[in-house]
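**Student:** One structure, pasted below without further comment.
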Amino acid sequence: MKGLFKGLVSLVVLALALASAAYFWVQGPMSLRSPGASPVDVSIEPGTSAKAIAQAVVDAGVDTSPTLLFAWFRLSGQSRQMRAGSYEIPPGTSPKRLLNMLVRGEESLRTVTIVEGWNWRQVRQALAKAELLKPDSRALDDAALMAQLGRPGISPEGRFYPDTYTYAKGASDLVVLKRALSAMDKHLQAAWQARLPGVSLKSPEEALILASIVEKETGQGADRPLISGVFHNRMRIGMRLQTDPTVIYGLGEAFDGNLRRIHLQTDNPCNTYPRGGLPPTPIAMPGKAALLAAVQPAKTQALYFVAKGDGSSHFSATLDEHNRAVNRYQRGIQTAKD
């Protein structure tokens, strides 16, 4: 009996020792084989088994036993809840923390921002510089890229909503563009549904084009509806828009920062000085405020505006008043009527 009792005690002690060791292993930090103990990256594809996930973690650079890791996944009861994705495992991560990351889908995410008023060339540049974003669009010209996104024959200019987008490490830039394209569709449709009666626009496409011009002309947010009102007034009476941002856009990379009279006089499809109506495409990526301003213009008699130098604009109903404003704010010339 004494021998049996001692045997049982030994088994209990062994079981407690094993349980204690397992507890401390599950809670304790795992070593990494990466240089300087920097975080290691692991990518889990959909449908990957728990056993294969354990092996992938070890192959990525976590210095532990894949058998023990797999056993932990199974014993936790959560092995079927682990999610596919791209994960970053930092130094000091425990098996318990790792499982939580995989179950919650705490992917290693990066961000890229599309800024209001950027043109398509600037969006391309931002995507190319984005950290760990796969540059699948780099080899595609604009036509091929838009076809890839399901919009063949459509210019990419103005089609991508300005916002900050998150993505998993190694994701394709086409995924980001699809989300930005869908977001612009959503915001443009909402703006079009909210348009005021009698606006001088025939379609959401025209609203997008005007919104892009309003975005580029606005220095102070409160002026957006008034700027839109000026352009609506001009379109209503058949007056040319004559807006500098369309000239600058038409010049493209040839623009050196100095807009000259010859530029205003040189015809191109986007130049609204010699040509009437809206340009054929947007000239920038408009944000929500510009989209709404395009379809909800302020009621104003103004046909002209000029930058005052502080971000705001001075609005004028007559050319004479406008010329005085130009003299005052652009040339520093005061007149008796000012």
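Residue numbering restarts at 1 for every chain of the structure tokens, chains are lettered A, B, ... in their displayed order, and ligands are numbered from 1 as they appear.
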Using backbone DSSP assignments, extract all strand (DSSP E) residues from range 94-223 of chain A; output them as a list in words.

**Tutor:**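 Taking range 94-223 of chain A and keeping strand (DSSP E) only, one gets Leu109, Arg110, Thr111, Val112, Thr113, Thr164, Tyr165, Thr166, Tyr167 and Ala168 of chain A.
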
**Student:** Can you tell me which residues surround Cys270 in chain A at a distance of at most 12 Å, considering only C-alpha atoms, apart from same-chain residues fewer than 4 positions away, and format the answer as a PyMOL selection string?

**Tutor:** chain A and resi 209+213+241-252+263-264+266+274-283

**Student:** With C-alpha atoms retained, could you export that selection as a CSV table (one decimal), in the first residue's frame?

**Tutor:**
chain,number,residue,atom,x,y,z
A,209,ILE,CA,-15.4,67.2,-62.5
A,213,ILE,CA,-12.1,72.1,-59.6
A,241,LEU,CA,-15.1,79.0,-66.2
A,242,GLN,CA,-11.5,80.4,-66.7
A,243,THR,CA,-10.1,78.6,-63.7
A,244,ASP,CA,-6.3,78.4,-63.3
A,245,PRO,CA,-6.1,74.9,-61.8
A,246,THR,CA,-7.5,73.5,-65.1
A,247,VAL,CA,-4.6,75.2,-67.0
A,248,ILE,CA,-2.1,73.9,-64.5
A,249,TYR,CA,-3.5,70.4,-64.8
A,250,GLY,CA,-3.3,70.5,-68.6
A,251,LEU,CA,0.4,71.5,-68.4
A,252,GLY,CA,1.1,68.4,-66.3
A,263,HIS,CA,-0.3,79.2,-70.6
A,264,LEU,CA,-3.8,80.7,-70.4
A,266,THR,CA,-2.5,77.9,-75.1
A,274,PRO,CA,-10.2,79.3,-74.4
A,275,ARG,CA,-12.8,76.5,-74.0
A,276,GLY,CA,-16.3,76.6,-72.7
A,277,GLY,CA,-17.9,74.3,-70.2
A,278,LEU,CA,-16.2,71.7,-67.9
A,279,PRO,CA,-13.0,70.0,-68.8
A,280,PRO,CA,-13.4,66.4,-70.1
A,281,THR,CA,-12.2,64.7,-66.9
A,282,PRO,CA,-11.7,65.7,-63.2
A,283,ILE,CA,-8.4,67.4,-62.4

**Student:** Using DSSP on the backbone coordinates, identify all residues within range 35-185 of chain A classified as helix (DSSP H, G or I); present the result as a VMD selection string.

**Tutor:** chain A and resid 35 to 37 50 to 60 66 to 76 79 to 81 95 to 104 120 to 129 142 to 148 173 to 185

**Student:** Which residue is closest to Ser182 in chain A? Choose from A:Met285, A:Arg159, A:Leu127, A:Ala147 and count only C-alpha atoms.

**Tutor:**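 Smallest distance to Ser182 in chain A is found for A:Arg159.
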
**Student:** For Ala194 in chain A, which residue out of A:Asn271, A:Ser137, A:Gln296, A:Gln265 is the nearest one, using only C-alpha atoms?

**Tutor:** A:Gln296

**Student:** If I take CA of Arg179 in chain A and CA of Gly158 in chain A, how far is one from the other in Å, to one decimal?

**Tutor:** 14.0 Å

**Student:** So, with only C-alpha atoms as the atoms that count, which of A:Ala293, A:Leu132, A:Leu140, A:Met82 lies closest to Ile44 in chain A?

**Tutor:**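 Ranked by minimum distance to Ile44 in chain A, first place goes to A:Met82.
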
**Student:** Tell me which protein, DNA and RNA residues are within 12 Å of Ala222 in chain A, counting only C-alpha atoms, leaving out same-chain ones fewer than 6 positions away, and put them as an MDAnalysis selection string.

**Tutor:** chainID A and resid 214:215 228 289:290 293 297:298 311:313
